[in-house]
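Shown here: run.txt, compact mmCIF, C-alpha atoms and all ligand atoms.
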# COMPACT_ATOMS: atom_id res chain seq x y z
CA MET A 1 22.67 11.59 -9.09
CA PHE A 2 19.30 9.86 -9.25
CA TYR A 3 18.58 6.97 -7.02
CA ARG A 4 15.59 4.82 -6.49
CA PHE A 5 13.45 3.96 -3.51
CA LYS A 6 14.86 0.45 -3.47
CA THR A 7 15.69 0.38 0.22
CA LEU A 8 12.51 2.12 1.20
CA PHE A 9 10.32 -0.15 -0.88
CA ASN A 10 12.42 -3.26 -0.46
CA ASN A 11 12.60 -3.53 -4.25
CA ASN A 12 8.98 -4.40 -4.79
CA MET A 13 6.42 -2.55 -2.80
CA VAL A 14 3.04 -4.07 -3.37
CA VAL A 15 -0.29 -2.77 -2.17
CA ILE A 16 -3.36 -4.95 -2.04
CA ILE A 17 -6.57 -3.26 -3.09
CA ARG A 18 -9.59 -5.54 -2.59
CA GLY A 19 -7.48 -8.56 -3.40
CA LEU A 20 -5.79 -6.89 -6.38
CA ARG A 21 -2.00 -6.72 -6.04
CA VAL A 22 -0.63 -3.45 -7.34
CA GLU A 23 3.11 -3.00 -7.64
CA VAL A 24 4.24 0.50 -6.78
CA PRO A 25 6.53 1.97 -9.43
CA GLU A 26 9.91 3.43 -8.59
CA ILE A 27 10.11 7.15 -8.03
CA SER A 28 13.22 9.16 -8.87
CA VAL A 29 14.64 11.30 -6.09
CA ILE A 30 17.61 13.63 -6.22
CA ASP A 31 19.84 14.28 -3.24
CA SER A 32 20.23 18.03 -3.62
CA VAL A 33 19.55 20.98 -5.88
CA LYS A 34 20.68 24.61 -6.21
CA LEU A 35 18.15 27.09 -7.55
CA PRO A 36 18.57 30.74 -8.63
CA SER A 37 17.08 33.05 -5.97
CA SER A 38 15.72 35.58 -8.43
CA GLU A 39 13.73 33.01 -10.43
CA THR A 40 12.54 30.77 -7.62
CA ALA A 41 9.64 30.95 -5.18
CA VAL A 42 8.71 28.74 -2.28
CA ILE A 43 5.01 27.95 -1.92
CA VAL A 44 3.62 26.85 1.44
CA VAL A 45 0.29 25.15 0.84
CA ASP A 46 -2.46 25.35 3.47
CA MET A 47 -0.41 25.05 6.66
CA GLN A 48 -3.45 26.26 8.62
CA ASN A 49 -4.53 25.36 12.14
CA ASP A 50 -7.48 23.21 10.99
CA PHE A 51 -5.12 20.90 9.08
CA VAL A 52 -2.19 20.92 11.50
CA LYS A 53 -3.08 21.64 15.12
CA PRO A 54 -4.82 19.50 17.74
CA GLY A 55 -8.41 20.71 17.87
CA GLY A 56 -8.34 21.51 14.16
CA LYS A 57 -11.33 20.42 12.09
CA LEU A 58 -9.47 18.31 9.53
CA VAL A 59 -6.14 17.38 11.06
CA VAL A 60 -3.51 15.55 9.02
CA PRO A 61 -1.33 14.18 11.85
CA SER A 62 1.88 13.95 9.81
CA THR A 63 1.83 17.69 9.01
CA ILE A 64 3.50 18.15 12.39
CA ASN A 65 6.70 16.51 11.09
CA THR A 66 6.91 18.98 8.22
CA ILE A 67 6.83 22.18 10.28
CA GLU A 68 10.54 22.27 11.16
CA PRO A 69 11.81 21.33 7.67
CA ILE A 70 9.54 23.96 6.10
CA LYS A 71 10.66 26.53 8.66
CA ARG A 72 14.33 25.89 7.90
CA LEU A 73 13.62 26.14 4.17
CA LEU A 74 11.77 29.44 4.63
CA ASP A 75 14.59 30.87 6.76
CA LYS A 76 17.05 29.96 4.03
CA ALA A 77 14.77 31.38 1.33
CA ARG A 78 14.35 34.67 3.20
CA ARG A 79 18.11 35.00 3.68
CA SER A 80 18.56 34.52 -0.07
CA GLY A 81 15.77 36.91 -1.08
CA VAL A 82 13.62 34.11 -2.49
CA LYS A 83 9.94 35.06 -2.77
CA ILE A 84 7.59 33.16 -0.49
CA PHE A 85 3.95 32.50 -1.23
CA TYR A 86 1.39 30.99 1.10
CA THR A 87 -1.93 29.55 0.07
CA MET A 88 -4.84 29.56 2.49
CA ASP A 89 -7.67 27.18 1.85
CA THR A 90 -10.77 29.26 2.53
CA HIS A 91 -14.47 28.52 2.76
CA TYR A 92 -17.58 30.50 3.58
CA ASP A 93 -21.15 29.68 4.66
CA ASN A 94 -22.70 26.68 2.91
CA ASP A 95 -19.56 25.95 0.92
CA PRO A 96 -20.13 22.83 -1.23
CA GLU A 97 -16.80 21.40 0.03
CA TYR A 98 -18.35 21.04 3.50
CA ALA A 99 -20.44 18.18 2.08
CA ILE A 100 -17.21 16.34 1.23
CA TRP A 101 -14.95 17.19 4.16
CA GLY A 102 -17.16 18.73 6.79
CA GLU A 103 -16.72 22.34 7.80
CA HIS A 104 -13.07 23.44 7.72
CA VAL A 105 -10.97 26.61 7.35
CA ARG A 106 -13.97 28.89 7.63
CA TYR A 107 -12.87 32.41 6.70
CA GLY A 108 -11.73 34.38 9.75
CA SER A 109 -11.80 31.45 12.20
CA TRP A 110 -8.84 30.20 14.28
CA GLY A 111 -8.70 27.09 12.10
CA TRP A 112 -8.32 29.24 8.98
CA GLU A 113 -5.20 31.00 10.26
CA ILE A 114 -1.72 29.91 9.23
CA ILE A 115 0.06 28.15 12.11
CA ASP A 116 2.14 30.38 14.37
CA GLU A 117 5.38 28.51 13.60
CA LEU A 118 5.16 29.44 9.92
CA LYS A 119 3.54 32.88 10.15
CA PRO A 120 4.12 34.86 6.97
CA SER A 121 6.32 37.94 7.19
CA GLU A 122 5.13 41.21 5.67
CA LYS A 123 7.25 40.55 2.57
CA ASP A 124 5.51 37.25 1.85
CA ILE A 125 2.44 36.94 -0.35
CA VAL A 126 -0.66 35.17 0.90
CA VAL A 127 -3.10 33.80 -1.67
CA ILE A 128 -6.62 32.84 -0.64
CA LYS A 129 -7.95 29.87 -2.57
CA THR A 130 -11.33 28.16 -2.44
CA ARG A 131 -10.45 24.85 -4.11
CA TYR A 132 -7.56 22.35 -4.05
CA ASP A 133 -5.65 24.16 -6.78
CA GLY A 134 -3.69 27.25 -5.69
CA PHE A 135 -4.02 28.71 -9.20
CA TYR A 136 -7.75 28.21 -9.73
CA GLY A 137 -9.51 31.55 -9.44
CA THR A 138 -6.53 33.21 -7.71
CA PRO A 139 -3.90 35.79 -8.75
CA LEU A 140 -1.04 33.31 -8.12
CA ASP A 141 0.01 32.85 -11.75
CA ASP A 142 -0.04 36.58 -12.41
CA LEU A 143 2.01 37.30 -9.27
CA LEU A 144 4.60 34.65 -10.14
CA ARG A 145 4.98 36.11 -13.63
CA VAL A 146 5.26 39.67 -12.30
CA TYR A 147 8.26 38.53 -10.25
CA GLY A 148 9.82 36.51 -13.06
CA ILE A 149 9.50 33.20 -11.23
CA LYS A 150 10.28 30.02 -13.17
CA ASN A 151 10.94 27.47 -10.41
CA LEU A 152 8.59 26.57 -7.58
CA VAL A 153 9.53 24.71 -4.43
CA ILE A 154 6.21 23.37 -3.20
CA THR A 155 5.67 22.37 0.43
CA GLY A 156 2.68 21.91 2.72
CA SER A 157 -0.39 19.72 2.86
CA VAL A 158 -2.23 17.68 1.84
CA ALA A 159 0.25 15.95 -0.48
CA ASN A 160 -2.26 14.23 -2.79
CA ILE A 161 -4.88 16.97 -2.60
CA CYS A 162 -3.92 20.66 -2.53
CA VAL A 163 -0.17 20.12 -3.00
CA LEU A 164 -0.74 17.81 -5.97
CA HIS A 165 -3.36 20.03 -7.60
CA THR A 166 -1.19 23.11 -7.16
CA ALA A 167 1.89 21.32 -8.50
CA ALA A 168 -0.14 20.01 -11.44
CA SER A 169 -1.55 23.40 -12.25
CA ALA A 170 1.93 24.94 -12.02
CA ALA A 171 3.42 22.30 -14.30
CA LEU A 172 0.66 22.83 -16.88
CA ARG A 173 1.78 26.46 -16.94
CA TRP A 174 5.39 25.29 -17.47
CA TYR A 175 6.77 26.21 -14.07
CA LYS A 176 9.47 23.80 -12.95
CA ILE A 177 8.43 22.05 -9.75
CA TYR A 178 10.62 20.93 -6.86
CA VAL A 179 9.19 19.06 -3.89
CA PRO A 180 11.19 18.19 -0.77
CA MET A 181 10.12 14.83 0.61
CA ASP A 182 10.11 16.09 4.20
CA GLY A 183 8.06 19.17 3.33
CA ILE A 184 4.76 17.55 2.37
CA SER A 185 2.38 15.29 4.26
CA ALA A 186 -0.67 13.12 3.68
CA LEU A 187 -3.20 11.11 5.67
CA ASN A 188 -1.42 7.84 4.85
CA GLU A 189 1.72 6.57 3.11
CA PHE A 190 -0.11 5.42 0.01
CA ASP A 191 -1.53 8.89 -0.63
CA TYR A 192 1.88 10.41 0.03
CA TYR A 193 3.61 8.22 -2.57
CA VAL A 194 0.78 8.65 -5.05
CA ALA A 195 1.45 12.37 -4.89
CA LEU A 196 5.21 11.91 -5.35
CA ARG A 197 4.63 9.54 -8.25
CA GLN A 198 2.24 11.90 -10.05
CA ILE A 199 4.43 14.95 -9.48
CA SER A 200 7.53 13.12 -10.64
CA PHE A 201 6.19 11.04 -13.51
CA LEU A 202 3.31 13.03 -14.91
CA TYR A 203 4.30 16.62 -14.17
CA ARG A 204 8.07 16.09 -14.44
CA GLY A 205 8.59 17.69 -11.07
CA VAL A 206 11.78 17.00 -9.18
CA ILE A 207 11.53 15.18 -5.85
CA VAL A 208 14.33 16.27 -3.51
CA ARG A 209 15.34 14.11 -0.58
CA SER A 210 15.26 16.88 2.01
CA SER A 211 14.39 20.54 2.53
CA ASP A 212 17.90 20.94 3.90
CA THR A 213 19.49 19.99 0.59
CA ILE A 214 17.67 22.66 -1.42
CA GLU A 215 20.02 25.63 -1.74
CA PHE A 216 19.55 29.03 -3.35
CA TYR A 217 22.20 31.07 -5.14
ZN ZN A 301 -11.09 23.03 1.66
What do you get writing this file as structure tokens?
Amino acid sequence: MFYRFKTLFNNNMVVIIRGLRVEVPEISVIDSVKLPSSETAVIVVDMQNDFVKPGGKLVVPSTINTIEPIKRLLDKARRSGVKIFYTMDTHYDNDPEYAIWGEHVRYGSWGWEIIDELKPSEKDIVVIKTRYDGFYGTPLDDLLRVYGIKNLVITGSVANICVLHTAASAALRWYKIYVPMDGISALNEFDYYVALRQISFLYRGVIVRSSDTIEFY
């Protein structure tokens, strides 16, 4: 059932960091998974105009490739009665994060809004967060527990920032994490695989080859 990234990495992917050769470890990926609808939620992390759309303040170009896979996953989740949560990265005047990233997702702005293609329905739950972690200072954990959720399918952006911190925080609370490879995005491949590696190895999350091979029952 498990296979390795041998073809993708050509057996030994090596990155060179200031002359230092670092071999990238293998990452386990499963082909498909079936999850119980009543105990599973899908989380869409920060798919907001500023991160996704041309003219956004902090665009991650590869987010565009994740829109359709996430949309198909959400359609399937809604048909199965799976709860859907969205996080919205949110900042206000003089937010300290502006010093790191520049101004982005200012509360109430166009850039702060979730992209039209993935607009939440009235049954979905939107969680406003002010840091990378979707749990930090938010009601997310409480809401997941209220609904008896044990499994989280995490999608969105940025893979090694808000997705990773949210997955980490979920795993520390003993939620089981599933991440479809085509549902997350990063600024470069290295960051993307760092996120997969940490989620898989450290947080014992399950990396699934595709959003289309995650089923609910
Ligand atoms: Zn931010």
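Here atom CA of A:Tyr132 stands at a distance of 18.9 Å from atom CA of A:Trp174.
Among the candidate residues A:Ala186, A:Ile100, A:Ala168, A:Leu202, the one lying nearest to ligand ZN 301 (chain A) is A:Ile100, with distances computed using all atoms listed in the file.
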Ligand ZN 301 (chain A): which residues are within 8 Å, counting all atoms listed in the file, as a list in words?
-> Asp89, Thr90, His91, Glu97, Tyr98, Trp101, His104, Val105, Thr130, Arg131 and Tyr132 of chain A
Write to file, as an mmCIF file, in the coordinates of the input, the residues of the selection just made, with C-alpha atoms.
data_model
loop_
_atom_site.group_PDB
_atom_site.id
_atom_site.type_symbol
_atom_site.label_atom_id
_atom_site.label_comp_id
_atom_site.auth_asym_id
_atom_site.auth_seq_id
_atom_site.Cartn_x
_atom_site.Cartn_y
_atom_site.Cartn_z
ATOM 1 C CA ASP A 89 -7.670 27.180 1.850
ATOM 2 C CA THR A 90 -10.770 29.260 2.530
ATOM 3 C CA HIS A 91 -14.470 28.520 2.760
ATOM 4 C CA GLU A 97 -16.800 21.400 0.030
ATOM 5 C CA TYR A 98 -18.350 21.040 3.500
ATOM 6 C CA TRP A 101 -14.950 17.190 4.160
ATOM 7 C CA HIS A 104 -13.070 23.440 7.720
ATOM 8 C CA VAL A 105 -10.970 26.610 7.350
ATOM 9 C CA THR A 130 -11.330 28.160 -2.440
ATOM 10 C CA ARG A 131 -10.450 24.850 -4.110
ATOM 11 C CA TYR A 132 -7.560 22.350 -4.050
#
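One finds atom CA of A:Asp182 at 6.5 Å from atom CA of A:Pro69.
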Separation of atom CA of A:Ile149 and atom CA of A:Tyr217, in Å?
-> 14.2 Å
Within 12 Å of A:Asn49 using all atoms listed in the file, minus same-chain residues under 3 positions, as number ranges by chain = A: 46, 52-61, 63-64, 67, 88-89, 104-106, 108-119, 157
Based on the selection just made, write C-alpha atoms of those residues as a compact mmCIF listing (two decimals), in the coordinates of the input.
# COMPACT_ATOMS: atom_id res chain seq x y z
CA ASP A 46 -2.46 25.35 3.47
CA VAL A 52 -2.19 20.92 11.50
CA LYS A 53 -3.08 21.64 15.12
CA PRO A 54 -4.82 19.50 17.74
CA GLY A 55 -8.41 20.71 17.87
CA GLY A 56 -8.34 21.51 14.16
CA LYS A 57 -11.33 20.42 12.09
CA LEU A 58 -9.47 18.31 9.53
CA VAL A 59 -6.14 17.38 11.06
CA VAL A 60 -3.51 15.55 9.02
CA PRO A 61 -1.33 14.18 11.85
CA THR A 63 1.83 17.69 9.01
CA ILE A 64 3.50 18.15 12.39
CA ILE A 67 6.83 22.18 10.28
CA MET A 88 -4.84 29.56 2.49
CA ASP A 89 -7.67 27.18 1.85
CA HIS A 104 -13.07 23.44 7.72
CA VAL A 105 -10.97 26.61 7.35
CA ARG A 106 -13.97 28.89 7.63
CA GLY A 108 -11.73 34.38 9.75
CA SER A 109 -11.80 31.45 12.20
CA TRP A 110 -8.84 30.20 14.28
CA GLY A 111 -8.70 27.09 12.10
CA TRP A 112 -8.32 29.24 8.98
CA GLU A 113 -5.20 31.00 10.26
CA ILE A 114 -1.72 29.91 9.23
CA ILE A 115 0.06 28.15 12.11
CA ASP A 116 2.14 30.38 14.37
CA GLU A 117 5.38 28.51 13.60
CA LEU A 118 5.16 29.44 9.92
CA LYS A 119 3.54 32.88 10.15
CA SER A 157 -0.39 19.72 2.86
Contacts of A:Phe135 at 8 Å or less, counting all atoms listed in the file, minus same-chain residues fewer than 6 places along, as a ChimeraX atom specification?
-> /A:129,141,166,169-170
Can you work out which one of A:Gly205, A:Gly102, A:Gly148, A:Pro96 has the shortest atom-to-atom distance to A:Leu172, counting all atoms listed in the file?
-> A:Gly205
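Counting only C-alpha atoms and comparing A:Glu189, A:Phe85, A:Ile177, A:Leu35, the residue that lies closest to A:Glu122 is A:Phe85.
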How close does each residue of stretch 5-87 of chain A get to stretch 192-196 of chain A, giving the shortest atom pair and distance in Å to one decimal for every residue with an atom at most 10 Å away, counting only C-alpha atoms, sorted by chain and residue number, as JSON lines?
{"residue": "A:Val24", "atom": "CA", "partner": "A:Tyr193", "partner_atom": "CA", "distance": 8.8}
{"residue": "A:Pro25", "atom": "CA", "partner": "A:Tyr193", "partner_atom": "CA", "distance": 9.7}
{"residue": "A:Glu26", "atom": "CA", "partner": "A:Tyr193", "partner_atom": "CA", "distance": 9.9}
{"residue": "A:Ile27", "atom": "CA", "partner": "A:Leu196", "partner_atom": "CA", "distance": 7.3}
{"residue": "A:Ser28", "atom": "CA", "partner": "A:Leu196", "partner_atom": "CA", "distance": 9.2}
{"residue": "A:Val29", "atom": "CA", "partner": "A:Leu196", "partner_atom": "CA", "distance": 9.5}
Deliver the residues from the most recent selection as a file, using C-alpha atoms, as an mmCIF file, keeping the file's coordinate frame.
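The result, written out as out_1.cif:
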data_model
loop_
_atom_site.group_PDB
_atom_site.id
_atom_site.type_symbol
_atom_site.label_atom_id
_atom_site.label_comp_id
_atom_site.auth_asym_id
_atom_site.auth_seq_id
_atom_site.Cartn_x
_atom_site.Cartn_y
_atom_site.Cartn_z
ATOM 1 C CA VAL A 24 4.240 0.500 -6.780
ATOM 2 C CA PRO A 25 6.530 1.970 -9.430
ATOM 3 C CA GLU A 26 9.910 3.430 -8.590
ATOM 4 C CA ILE A 27 10.110 7.150 -8.030
ATOM 5 C CA SER A 28 13.220 9.160 -8.870
ATOM 6 C CA VAL A 29 14.640 11.300 -6.090
#
Can you list, as a list in words, every protein, DNA or RNA residue that comes within 8 Å of A:Val14 when you count all atoms listed in the file, leaving out same-chain residues fewer than 2 positions away?
-> Asn12, Ile16, Arg21, Val22, Glu23 and Val24 of chain A
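With all atoms listed in the file as the atoms that count, the minimum distance from A:Leu187 to the choices A:Pro36, A:Pro139, A:Ala159, A:Asp95 is reached by A:Ala159.
Considering the residues A:Val153, A:Asp133, A:Leu164, A:Ser200 and counting all atoms listed in the file, A:Ile70 has its shortest atom-to-atom contact with A:Val153.
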Go through A:Tyr86, A:Val163, A:Val33, A:Phe190 one by one, measure the shortest atom-to-atom distance of each to A:Leu74 using all atoms listed in the file, and give the residue with the smallest value.
-> A:Tyr86
Write out as a list in words the residues lying within 9 Å of A:Thr155, counting all atoms listed in the file and excluding same-chain residues fewer than 4 positions away.
-> Val42, Ile43, Val44, Val45, Thr66, Ile70, Ala159, Val163, Tyr178, Val179, Pro180, Met181, Asp182, Gly183, Ile184 and Ser185 of chain A
Would you mind exporting stretch 68-86 of chain A with N, CA and C atoms, as a compact mmCIF listing (two decimals), in the first residue's frame?
# COMPACT_ATOMS: atom_id res chain seq x y z
N GLU A 68 -8.87 23.40 -8.14
CA GLU A 68 -9.78 22.37 -8.65
C GLU A 68 -9.77 21.10 -7.79
N PRO A 69 -8.60 20.58 -7.42
CA PRO A 69 -8.61 19.41 -6.52
C PRO A 69 -9.34 19.69 -5.21
N ILE A 70 -9.12 20.87 -4.63
CA ILE A 70 -9.80 21.18 -3.36
C ILE A 70 -11.31 21.27 -3.59
N LYS A 71 -11.68 21.88 -4.70
CA LYS A 71 -13.12 22.02 -5.02
C LYS A 71 -13.79 20.65 -5.15
N ARG A 72 -13.12 19.75 -5.86
CA ARG A 72 -13.70 18.40 -6.01
C ARG A 72 -13.82 17.70 -4.65
N LEU A 73 -12.79 17.89 -3.82
CA LEU A 73 -12.82 17.28 -2.48
C LEU A 73 -13.97 17.86 -1.65
N LEU A 74 -14.17 19.17 -1.73
CA LEU A 74 -15.24 19.81 -0.96
C LEU A 74 -16.62 19.36 -1.46
N ASP A 75 -16.76 19.23 -2.78
CA ASP A 75 -18.04 18.75 -3.33
C ASP A 75 -18.36 17.37 -2.77
N LYS A 76 -17.34 16.51 -2.78
CA LYS A 76 -17.50 15.15 -2.28
C LYS A 76 -17.82 15.17 -0.78
N ALA A 77 -17.12 16.01 -0.04
CA ALA A 77 -17.34 16.11 1.40
C ALA A 77 -18.77 16.58 1.69
N ARG A 78 -19.23 17.58 0.93
CA ARG A 78 -20.59 18.10 1.17
C ARG A 78 -21.63 17.03 0.87
N ARG A 79 -21.42 16.29 -0.21
CA ARG A 79 -22.36 15.22 -0.55
C ARG A 79 -22.43 14.16 0.55
N SER A 80 -21.31 13.97 1.25
CA SER A 80 -21.25 12.93 2.29
C SER A 80 -21.57 13.47 3.67
N GLY A 81 -21.86 14.76 3.77
CA GLY A 81 -22.16 15.35 5.08
C GLY A 81 -20.94 15.56 5.95
N VAL A 82 -19.78 15.62 5.33
CA VAL A 82 -18.54 15.87 6.08
C VAL A 82 -18.43 17.37 6.41
N LYS A 83 -18.12 17.67 7.66
CA LYS A 83 -17.99 19.08 8.07
C LYS A 83 -16.79 19.74 7.38
N ILE A 84 -16.98 20.99 7.00
CA ILE A 84 -15.92 21.74 6.34
C ILE A 84 -15.60 22.99 7.15
N PHE A 85 -14.32 23.15 7.42
CA PHE A 85 -13.84 24.34 8.12
C PHE A 85 -12.91 25.11 7.20
N TYR A 86 -13.00 26.41 7.27
CA TYR A 86 -12.06 27.28 6.56
C TYR A 86 -11.30 28.09 7.60
